[in-house]
>>> print(open('input-v4.csv').read())   # CSV, C-alpha atoms
chain,number,residue,atom,x,y,z
A,1,MET,CA,97.8,112.2,75.6
A,2,ARG,CA,97.6,109.4,73.0
A,3,TYR,CA,100.8,108.2,71.3
A,4,ARG,CA,101.7,105.9,68.5
A,5,VAL,CA,105.0,104.2,69.3
A,6,THR,CA,106.9,102.4,66.5
A,7,HIS,CA,109.9,100.4,67.7
A,8,THR,CA,112.0,98.6,65.0
A,9,THR,CA,115.0,96.4,65.7
A,10,THR,CA,117.0,94.9,62.9
A,11,TYR,CA,119.8,92.4,63.1
A,12,ALA,CA,122.0,91.9,60.0
A,13,TYR,CA,124.1,88.8,60.3
A,14,GLU,CA,127.4,88.1,58.6
A,15,GLU,CA,126.5,84.4,58.1
A,16,ALA,CA,123.2,82.6,57.9
A,17,VAL,CA,121.3,81.8,61.1
A,18,SER,CA,119.6,78.4,61.0
A,19,VAL,CA,117.6,78.6,64.3
A,20,SER,CA,116.6,81.6,66.4
A,21,HIS,CA,114.6,81.6,69.7
A,22,ASN,CA,113.8,85.1,71.0
A,23,GLU,CA,111.8,87.0,73.6
A,24,ALA,CA,110.7,90.6,73.3
A,25,ARG,CA,109.4,93.2,75.8
A,26,ILE,CA,108.4,96.1,73.6
A,27,THR,CA,104.7,96.3,74.4
A,28,PRO,CA,103.5,99.2,76.7
A,29,ARG,CA,102.1,97.9,79.9
A,30,ARG,CA,98.9,99.0,81.7
A,31,THR,CA,99.5,101.2,84.8
A,32,ALA,CA,97.4,103.7,86.8
A,33,SER,CA,98.3,106.4,84.4
A,34,GLN,CA,98.7,104.5,81.1
A,35,SER,CA,96.2,102.6,79.0
A,36,PRO,CA,97.5,100.6,76.0
A,37,GLN,CA,94.9,100.5,73.2
A,38,ARG,CA,96.5,98.1,70.7
A,39,THR,CA,99.9,96.6,69.6
A,40,GLN,CA,100.8,95.1,66.3
A,41,LEU,CA,104.0,92.9,66.4
A,42,VAL,CA,105.5,92.1,63.0
A,43,VAL,CA,108.5,89.7,62.7
A,44,ASP,CA,110.4,89.3,59.4
A,45,PRO,CA,111.0,86.5,58.4
A,46,MET,CA,107.7,85.1,59.7
A,47,PRO,CA,108.3,83.0,62.8
A,48,SER,CA,107.3,79.4,63.1
A,49,ALA,CA,105.9,80.2,66.6
A,50,LEU,CA,104.8,83.4,68.3
A,51,ILE,CA,103.4,83.3,71.8
A,52,SER,CA,102.3,86.1,74.2
A,53,ASP,CA,102.8,85.7,77.9
A,54,VAL,CA,103.3,87.7,81.1
A,55,ASP,CA,106.6,87.5,83.0
A,56,TYR,CA,107.3,87.5,86.8
A,57,PHE,CA,107.1,91.3,87.0
A,58,GLY,CA,103.8,91.5,85.1
A,59,ASN,CA,105.4,92.7,81.8
A,60,THR,CA,104.0,91.6,78.5
A,61,MET,CA,106.5,89.5,76.6
A,62,HIS,CA,106.4,87.7,73.3
A,63,PHE,CA,108.3,84.5,72.5
A,64,PHE,CA,109.0,83.7,68.9
A,65,SER,CA,111.1,81.1,67.0
A,66,LEU,CA,112.5,81.1,63.5
A,67,GLU,CA,113.5,77.7,62.0
A,68,GLU,CA,114.4,78.7,58.5
A,69,SER,CA,117.8,80.1,57.4
A,70,HIS,CA,118.0,83.8,57.5
A,71,GLN,CA,120.7,86.6,57.5
A,72,ARG,CA,118.4,89.4,58.6
A,73,LEU,CA,115.8,89.7,61.4
A,74,THR,CA,113.5,92.6,61.8
A,75,VAL,CA,111.1,93.0,64.7
A,76,THR,CA,108.6,95.9,64.6
A,77,ALA,CA,106.0,96.8,67.3
A,78,VAL,CA,103.5,99.5,66.6
A,79,SER,CA,101.5,100.5,69.7
A,80,ASP,CA,98.8,103.0,70.5
A,81,VAL,CA,98.8,104.1,74.1
A,82,ASP,CA,97.1,106.7,76.3
A,83,VAL,CA,99.2,108.4,78.9
A,84,ASP,CA,98.1,110.7,81.7
A,85,ALA,CA,100.3,112.7,84.1
A,86,MET,CA,100.1,111.3,87.6
A,87,PRO,CA,99.8,113.7,90.5
A,88,THR,CA,102.8,113.5,92.8
A,89,PRO,CA,102.7,114.0,96.6
A,90,ALA,CA,104.3,117.0,98.3
A,91,PRO,CA,107.8,115.7,99.1
A,92,GLY,CA,107.5,117.1,102.7
A,93,LEU,CA,104.5,114.8,103.4
A,94,THR,CA,106.5,111.6,102.8
A,95,PRO,CA,108.1,109.8,105.8
A,96,ALA,CA,111.7,110.3,106.9
A,97,TRP,CA,113.9,108.1,104.8
A,98,GLU,CA,115.3,106.2,107.8
A,99,SER,CA,111.8,105.0,108.7
A,100,VAL,CA,111.1,103.5,105.3
A,101,PRO,CA,113.0,100.2,105.6
A,102,GLU,CA,111.1,99.3,108.8
A,103,MET,CA,107.8,100.4,107.3
A,104,ILE,CA,108.6,98.0,104.3
A,105,ARG,CA,109.2,95.2,106.7
A,106,ARG,CA,105.8,95.7,108.3
A,107,ASP,CA,103.9,96.4,105.0
A,108,ARG,CA,101.7,93.4,104.2
A,109,SER,CA,100.0,95.0,101.1
A,110,ARG,CA,100.8,93.3,97.8
A,111,PRO,CA,102.9,96.3,96.6
A,112,GLY,CA,104.7,96.3,99.9
A,113,ILE,CA,105.6,92.6,99.7
A,114,GLU,CA,106.7,93.0,96.0
A,115,ALA,CA,108.8,96.0,97.0
A,116,VAL,CA,111.1,93.8,99.2
A,117,GLY,CA,112.5,92.3,96.0
A,118,TYR,CA,113.7,95.7,95.0
A,119,VAL,CA,115.8,96.4,98.1
A,120,PHE,CA,118.7,94.0,97.4
A,121,ALA,CA,121.6,94.2,94.9
A,122,SER,CA,120.9,92.6,91.5
A,123,PRO,CA,123.2,91.4,88.7
A,124,LEU,CA,123.5,95.0,87.2
A,125,VAL,CA,123.0,97.0,90.4
A,126,GLN,CA,125.8,96.6,92.8
A,127,PHE,CA,126.6,99.2,95.4
A,128,ASP,CA,129.6,100.1,97.6
A,129,GLN,CA,130.8,102.8,99.9
A,130,ASP,CA,131.4,105.3,97.1
A,131,VAL,CA,127.9,104.9,95.8
A,132,GLN,CA,126.4,105.4,99.2
A,133,ALA,CA,128.8,108.3,100.1
A,134,TYR,CA,127.6,110.2,97.0
A,135,ALA,CA,123.9,109.8,98.0
A,136,ALA,CA,124.5,110.6,101.6
A,137,GLU,CA,124.8,114.3,100.8
A,138,SER,CA,121.1,114.2,100.0
A,139,PHE,CA,120.0,111.7,102.6
A,140,THR,CA,120.6,113.8,105.7
A,141,PRO,CA,119.1,112.7,109.0
A,142,GLY,CA,115.3,113.0,109.2
A,143,ARG,CA,114.8,114.3,105.7
A,144,PRO,CA,111.5,113.2,103.9
A,145,VAL,CA,112.4,110.4,101.6
A,146,LEU,CA,110.9,111.9,98.4
A,147,GLU,CA,112.6,115.3,99.1
A,148,ALA,CA,115.9,113.5,99.4
A,149,ALA,CA,115.3,111.4,96.3
A,150,TYR,CA,114.3,114.4,94.2
A,151,GLU,CA,117.5,116.2,95.1
A,152,LEU,CA,119.6,113.1,94.3
A,153,THR,CA,117.9,112.9,90.9
A,154,ARG,CA,118.8,116.5,90.1
A,155,ARG,CA,122.4,116.0,91.4
A,156,ILE,CA,123.0,113.0,89.1
A,157,HIS,CA,121.6,115.0,86.2
A,158,ALA,CA,124.0,117.9,87.0
A,159,ASP,CA,127.1,115.9,87.8
A,160,PHE,CA,127.0,113.2,85.1
A,161,THR,CA,127.3,113.7,81.4
A,162,TYR,CA,125.1,111.9,78.9
A,163,GLU,CA,127.4,110.4,76.3
A,164,PRO,CA,126.2,107.6,74.0
A,165,GLY,CA,129.0,105.0,73.5
A,166,ALA,CA,130.8,105.8,76.7
A,167,THR,CA,129.6,102.6,78.3
A,168,SER,CA,128.2,99.2,77.5
A,169,ILE,CA,125.8,97.0,79.4
A,170,SER,CA,128.8,95.3,81.0
A,171,THR,CA,130.3,98.6,82.3
A,172,PRO,CA,130.3,98.4,86.2
A,173,LEU,CA,128.7,101.2,88.2
A,174,SER,CA,132.1,101.9,89.8
A,175,ALA,CA,133.4,103.0,86.4
A,176,VAL,CA,130.3,105.2,85.8
A,177,MET,CA,130.9,106.8,89.2
A,178,ARG,CA,134.6,107.4,88.4
A,179,ASN,CA,134.2,108.7,84.9
A,180,ARG,CA,130.9,110.5,85.3
A,181,HIS,CA,129.7,109.6,81.8
A,182,GLY,CA,127.1,107.2,80.6
A,183,VAL,CA,123.6,106.8,79.2
A,184,CYS,CA,120.1,106.6,80.6
A,185,GLN,CA,120.4,102.9,81.8
A,186,ASP,CA,123.6,103.8,83.6
A,187,PHE,CA,122.1,106.7,85.5
A,188,ALA,CA,118.9,104.7,86.3
A,189,HIS,CA,121.1,101.8,87.6
A,190,LEU,CA,123.2,104.3,89.6
A,191,GLU,CA,120.4,106.0,91.4
A,192,ILE,CA,118.7,102.6,92.1
A,193,ALA,CA,122.0,101.4,93.7
A,194,MET,CA,122.2,104.6,95.8
A,195,LEU,CA,118.6,104.2,97.0
A,196,ARG,CA,119.0,100.4,97.7
A,197,SER,CA,122.2,101.1,99.7
A,198,PHE,CA,120.0,102.8,102.2
A,199,GLY,CA,117.5,100.0,102.2
A,200,LEU,CA,115.0,101.8,100.0
A,201,PRO,CA,113.1,99.8,97.3
A,202,ALA,CA,113.7,101.0,93.8
A,203,ARG,CA,112.9,99.3,90.5
A,204,TYR,CA,114.2,99.8,86.9
A,205,VAL,CA,111.8,101.1,84.3
A,206,SER,CA,112.1,100.8,80.6
A,207,GLY,CA,110.1,102.7,78.1
A,208,TYR,CA,110.1,105.6,75.7
A,209,LEU,CA,110.4,109.4,76.0
A,210,ARG,CA,108.8,111.8,73.6
A,211,THR,CA,111.4,114.2,72.4
A,212,ARG,CA,110.8,117.5,70.6
A,213,PRO,CA,112.9,119.1,67.9
A,214,ALA,CA,114.6,122.4,68.4
A,215,PRO,CA,112.6,125.5,67.4
A,216,GLY,CA,112.4,125.8,63.6
A,217,ARG,CA,113.7,122.2,63.0
A,218,PRO,CA,111.5,119.5,61.6
A,219,ARG,CA,110.5,116.5,63.7
A,220,LEU,CA,112.6,113.5,62.5
A,221,THR,CA,110.8,110.2,62.3
A,222,GLY,CA,112.7,107.6,64.3
A,223,ALA,CA,114.7,110.1,66.2
A,224,ASP,CA,113.3,109.1,69.6
A,225,ALA,CA,114.9,106.3,71.5
A,226,SER,CA,114.3,103.7,74.2
A,227,HIS,CA,114.6,105.3,77.6
A,228,ALA,CA,115.2,104.2,81.2
A,229,TRP,CA,114.3,105.6,84.6
A,230,LEU,CA,113.3,104.3,88.0
A,231,SER,CA,110.6,104.1,90.6
A,232,LEU,CA,111.0,104.5,94.3
A,233,TYR,CA,108.5,102.7,96.5
A,234,CYS,CA,107.2,104.8,99.4
A,235,PRO,CA,104.7,103.2,101.9
A,236,GLY,CA,101.4,105.0,101.8
A,237,PHE,CA,102.2,106.6,98.4
A,238,GLY,CA,103.1,103.7,96.2
A,239,TYR,CA,105.8,103.9,93.4
A,240,LEU,CA,107.1,107.3,92.5
A,241,ASP,CA,109.0,107.8,89.2
A,242,LEU,CA,112.3,109.6,88.9
A,243,ASP,CA,114.3,110.3,85.7
A,244,PRO,CA,118.0,111.1,86.6
A,245,THR,CA,119.0,111.4,82.9
A,246,ASN,CA,116.8,114.5,82.6
A,247,GLY,CA,116.6,115.5,86.2
A,248,THR,CA,112.9,115.4,86.1
A,249,ILE,CA,109.8,113.6,87.4
A,250,PRO,CA,108.3,111.5,84.5
A,251,SER,CA,105.0,112.8,83.3
A,252,ASP,CA,102.7,112.2,80.3
A,253,GLU,CA,105.6,112.2,77.9
A,254,HIS,CA,107.1,109.0,79.4
A,255,VAL,CA,105.7,105.7,78.0
A,256,THR,CA,106.2,102.7,80.3
A,257,VAL,CA,107.0,99.4,78.8
A,258,ALA,CA,108.4,97.1,81.5
A,259,TRP,CA,110.0,97.1,85.0
A,260,GLY,CA,112.2,94.8,87.0
A,261,ARG,CA,115.3,94.7,89.2
A,262,ASP,CA,117.6,96.1,86.4
A,263,PHE,CA,118.0,96.1,82.7
A,264,GLY,CA,118.6,92.4,82.5
A,265,ASP,CA,114.9,91.8,83.5
A,266,VAL,CA,113.5,94.1,80.8
A,267,SER,CA,115.8,93.8,77.8
A,268,PRO,CA,113.6,94.8,74.7
A,269,LEU,CA,114.9,91.9,72.7
A,270,LYS,CA,117.1,88.9,73.5
A,271,GLY,CA,117.5,85.4,72.4
A,272,VAL,CA,119.6,82.4,71.3
A,273,ILE,CA,120.7,81.8,67.8
A,274,LEU,CA,122.6,79.0,65.9
A,275,GLY,CA,125.1,80.5,63.4
A,276,GLY,CA,125.1,84.1,62.4
A,277,GLY,CA,128.7,85.1,63.2
A,278,ALA,CA,129.2,88.8,63.6
A,279,HIS,CA,126.2,91.1,63.3
A,280,ASP,CA,125.1,94.7,62.9
A,281,LEU,CA,122.3,96.0,65.1
A,282,THR,CA,120.1,99.0,64.3
A,283,VAL,CA,117.2,100.3,66.5
A,284,SER,CA,114.7,102.9,65.6
A,285,VAL,CA,112.0,104.3,67.9
A,286,ASP,CA,109.4,106.9,66.9
A,287,VAL,CA,107.0,108.4,69.5
A,288,ALA,CA,104.4,110.5,67.9
A,289,ALA,CA,101.2,112.2,69.2
A,290,ALA,CA,98.3,110.2,67.6
>>> encode(input="input-v4.csv", output="structure tokens")
Amino acid sequence: MRYRVTHTTTYAYEEAVSVSHNEARITPRRTASQSPQRTQLVVDPMPSALISDVDYFGNTMHFFSLEESHQRLTVTAVSDVDVDAMPTPAPGLTPAWESVPEMIRRDRSRPGIEAVGYVFASPLVQFDQDVQAYAAESFTPGRPVLEAAYELTRRIHADFTYEPGATSISTPLSAVMRNRHGVCQDFAHLEIAMLRSFGLPARYVSGYLRTRPAPGRPRLTGADASHAWLSLYCPGFGYLDLDPTNGTIPSDEHVTVAWGRDFGDVSPLKGVILGGGAHDLTVSVDVAAA
């Protein structure tokens, strides 16, 4: 399936910004199931410098600077990308979850070595006994790791309520566990924490999800949104995607942009400004079949 993704972010500042330095991660990355065709990045006002690079995790990022006074900043990325559904292994063929940490320690492949970095707590993924206790219901002795992870994904979807505005990026996972409300980044962080609490490597994935209007309703341009899910690393099978927000396995309707330890590694747009005061932020994402 080929998609055209349009991602527009606008900052409206209360006061003039004199200098702005930013980095953006809004370009779909190349994977085994995804082939980016082109991306056009437009920054308004026009930046004095715009540089493309690759970060530690292999994500495409753009640095740009504005050195003229402005009270409004708009960043738009238009990307064409081909996405195919990846075959997934039969869960029962994956190893028992207890054996995976030792397999990771012996894995000298490049993916295996990289996976070690996704085993530990990170700034936005902290775990405790409550997190592990919830997951333990699925991770019973000897159970195949993918079978257990699939069940955990479905349980989070069933037990937690998607509620925009219920949390912020600073909301700790302990509060998400207690209140059982949140958004996709909360649920991705939560399942990652649960997997890591058992020594299982899991990374945070940012991207887009194609949504469909209800029957008889028109498709609204800009109605789609940035999305988040996770990937579990299983020796011999590679990374396997899980979407706890929807209780599904990502397929050809998920567009991958970036991955890292948690949201902090893959924030779509962040930077440092001089001036500005308070600001209003609006984000619009449109994912359309091309």
>>> closest_residue(input="input-v4.csv", among="A:Arg217, A:Val83, A:Ala135, A:Asn22", to="Ala290 in chain A", atoms="only C-alpha atoms")
A:Val83
>>> residues_near_point(input="input-v4.csv", point="(112.7, 104.1, 74.3)", cutoff="12 Å", atoms="all atoms listed in the file", output="count of residues only")
40
>>> residues_around(input="input-v4.csv", residues="range 49-57 of chain A", least_positions_apart="2", cutoff="9 Å", atoms="only C-alpha atoms", output="list in words")
Met46, Pro47, Asn59, Thr60, Met61, His62, Phe63, Phe64, Ser65, Leu66, Ala258, Trp259, Gly260 and Asp265 of chain A
>>> closest_residue(input="input-v4.csv", among="A:Glu147, A:Glu68, A:Asp159, A:Asp252", to="Leu232 in chain A", atoms="only C-alpha atoms")
A:Glu147
>>> atom_distance(input="input-v4.csv", atom1="CA of Ala148 in chain A", atom2="CA of Ala32 in chain A")
24.4 Å
>>> residues_around(input="input-v4.csv", residues="range 273-279 of chain A", least_positions_apart="4", cutoff="7 Å", atoms="all atoms listed in the file", output="count of residues only")
11
>>> closest_residue(input="input-v4.csv", among="A:His181, A:Arg29, A:Arg38, A:Arg196", to="Val131 in chain A", atoms="all atoms listed in the file")
A:Arg196
>>> decode(input="input-v4.csv", residues="range 164-253 of chain A", atoms="C-alpha atoms", output="mmCIF file, in the first residue's frame")
data_model
loop_
_atom_site.group_PDB
_atom_site.id
_atom_site.type_symbol
_atom_site.label_atom_id
_atom_site.label_comp_id
_atom_site.auth_asym_id
_atom_site.auth_seq_id
_atom_site.Cartn_x
_atom_site.Cartn_y
_atom_site.Cartn_z
ATOM 1 C CA PRO A 164 -6.874 12.343 25.128
ATOM 2 C CA GLY A 165 -5.928 14.953 27.687
ATOM 3 C CA ALA A 166 -5.937 12.530 30.612
ATOM 4 C CA THR A 167 -2.134 12.541 30.755
ATOM 5 C CA SER A 168 0.880 14.555 29.661
ATOM 6 C CA ILE A 169 4.406 13.543 28.725
ATOM 7 C CA SER A 170 5.379 14.046 32.381
ATOM 8 C CA THR A 171 2.683 11.725 33.774
ATOM 9 C CA PRO A 172 4.461 8.793 35.479
ATOM 10 C CA LEU A 173 3.526 5.240 34.544
ATOM 11 C CA SER A 174 2.452 4.652 38.150
ATOM 12 C CA ALA A 175 -0.377 7.158 37.589
ATOM 13 C CA VAL A 176 -1.346 5.502 34.296
ATOM 14 C CA MET A 177 -1.464 2.145 36.086
ATOM 15 C CA ARG A 178 -3.585 3.574 38.892
ATOM 16 C CA ASN A 179 -6.067 5.557 36.794
ATOM 17 C CA ARG A 180 -6.231 3.191 33.777
ATOM 18 C CA HIS A 181 -6.552 6.131 31.355
ATOM 19 C CA GLY A 182 -4.123 7.554 28.822
ATOM 20 C CA VAL A 183 -3.123 7.833 25.182
ATOM 21 C CA CYS A 184 -1.071 5.736 22.778
ATOM 22 C CA GLN A 185 2.327 6.863 24.061
ATOM 23 C CA ASP A 186 1.273 5.948 27.628
ATOM 24 C CA PHE A 187 0.170 2.463 26.611
ATOM 25 C CA ALA A 188 3.328 1.898 24.559
ATOM 26 C CA HIS A 189 5.493 3.027 27.478
ATOM 27 C CA LEU A 190 3.487 0.841 29.832
ATOM 28 C CA GLU A 191 3.866 -2.369 27.841
ATOM 29 C CA ILE A 192 7.547 -1.625 27.238
ATOM 30 C CA ALA A 193 8.017 -1.267 31.006
ATOM 31 C CA MET A 194 6.247 -4.569 31.604
ATOM 32 C CA LEU A 195 8.388 -6.416 29.080
ATOM 33 C CA ARG A 196 11.634 -4.867 30.303
ATOM 34 C CA SER A 197 10.749 -5.774 33.893
ATOM 35 C CA PHE A 198 11.206 -9.412 32.801
ATOM 36 C CA GLY A 199 14.480 -8.664 30.987
ATOM 37 C CA LEU A 200 12.843 -8.623 27.537
ATOM 38 C CA PRO A 201 14.098 -6.018 25.014
ATOM 39 C CA ALA A 202 11.388 -3.644 23.785
ATOM 40 C CA ARG A 203 11.698 -0.372 21.879
ATOM 41 C CA TYR A 204 9.310 2.548 21.423
ATOM 42 C CA VAL A 205 8.058 3.187 17.876
ATOM 43 C CA SER A 206 6.555 6.437 16.604
ATOM 44 C CA GLY A 207 4.616 6.762 13.400
ATOM 45 C CA TYR A 208 1.191 7.081 11.886
ATOM 46 C CA LEU A 209 -1.909 4.948 11.715
ATOM 47 C CA ARG A 210 -4.353 5.107 8.875
ATOM 48 C CA THR A 211 -7.833 5.600 10.252
ATOM 49 C CA ARG A 212 -11.118 5.053 8.482
ATOM 50 C CA PRO A 213 -14.361 7.039 8.841
ATOM 51 C CA ALA A 214 -17.519 5.378 10.096
ATOM 52 C CA PRO A 215 -19.756 3.922 7.364
ATOM 53 C CA GLY A 216 -21.541 6.697 5.511
ATOM 54 C CA ARG A 217 -19.288 9.432 6.895
ATOM 55 C CA PRO A 218 -16.808 11.361 4.735
ATOM 56 C CA ARG A 219 -13.072 11.023 5.304
ATOM 57 C CA LEU A 220 -11.812 14.165 7.047
ATOM 58 C CA THR A 221 -8.485 15.549 5.859
ATOM 59 C CA GLY A 222 -6.152 15.933 8.816
ATOM 60 C CA ALA A 223 -8.204 13.648 11.057
ATOM 61 C CA ASP A 224 -5.456 11.080 11.470
ATOM 62 C CA ALA A 225 -2.865 11.488 14.210
ATOM 63 C CA SER A 226 0.627 10.600 15.231
ATOM 64 C CA HIS A 227 0.666 7.173 16.814
ATOM 65 C CA ALA A 228 2.914 5.067 19.021
ATOM 66 C CA TRP A 229 3.428 1.366 19.511
ATOM 67 C CA LEU A 230 6.350 -0.921 20.412
ATOM 68 C CA SER A 231 8.579 -3.698 19.123
ATOM 69 C CA LEU A 232 9.659 -6.749 21.110
ATOM 70 C CA TYR A 233 12.990 -8.326 20.137
ATOM 71 C CA CYS A 234 12.942 -12.113 19.967
ATOM 72 C CA PRO A 235 16.196 -13.950 19.078
ATOM 73 C CA GLY A 236 15.822 -15.828 15.822
ATOM 74 C CA PHE A 237 12.750 -13.820 14.807
ATOM 75 C CA GLY A 238 13.862 -10.196 15.076
ATOM 76 C CA TYR A 239 11.631 -7.326 16.146
ATOM 77 C CA LEU A 240 7.909 -8.010 16.420
ATOM 78 C CA ASP A 241 5.502 -5.059 16.562
ATOM 79 C CA LEU A 242 2.678 -4.753 19.109
ATOM 80 C CA ASP A 243 -0.011 -2.048 19.339
ATOM 81 C CA PRO A 244 -1.594 -2.027 22.827
ATOM 82 C CA THR A 245 -3.740 1.041 22.085
ATOM 83 C CA ASN A 246 -5.709 -0.978 19.543
ATOM 84 C CA GLY A 247 -4.962 -4.479 20.811
ATOM 85 C CA THR A 248 -3.539 -5.439 17.430
ATOM 86 C CA ILE A 249 -0.407 -6.446 15.571
ATOM 87 C CA PRO A 250 0.665 -3.534 13.322
ATOM 88 C CA SER A 251 0.250 -4.231 9.638
ATOM 89 C CA ASP A 252 0.294 -2.303 6.377
ATOM 90 C CA GLU A 253 -1.776 0.522 7.916
#
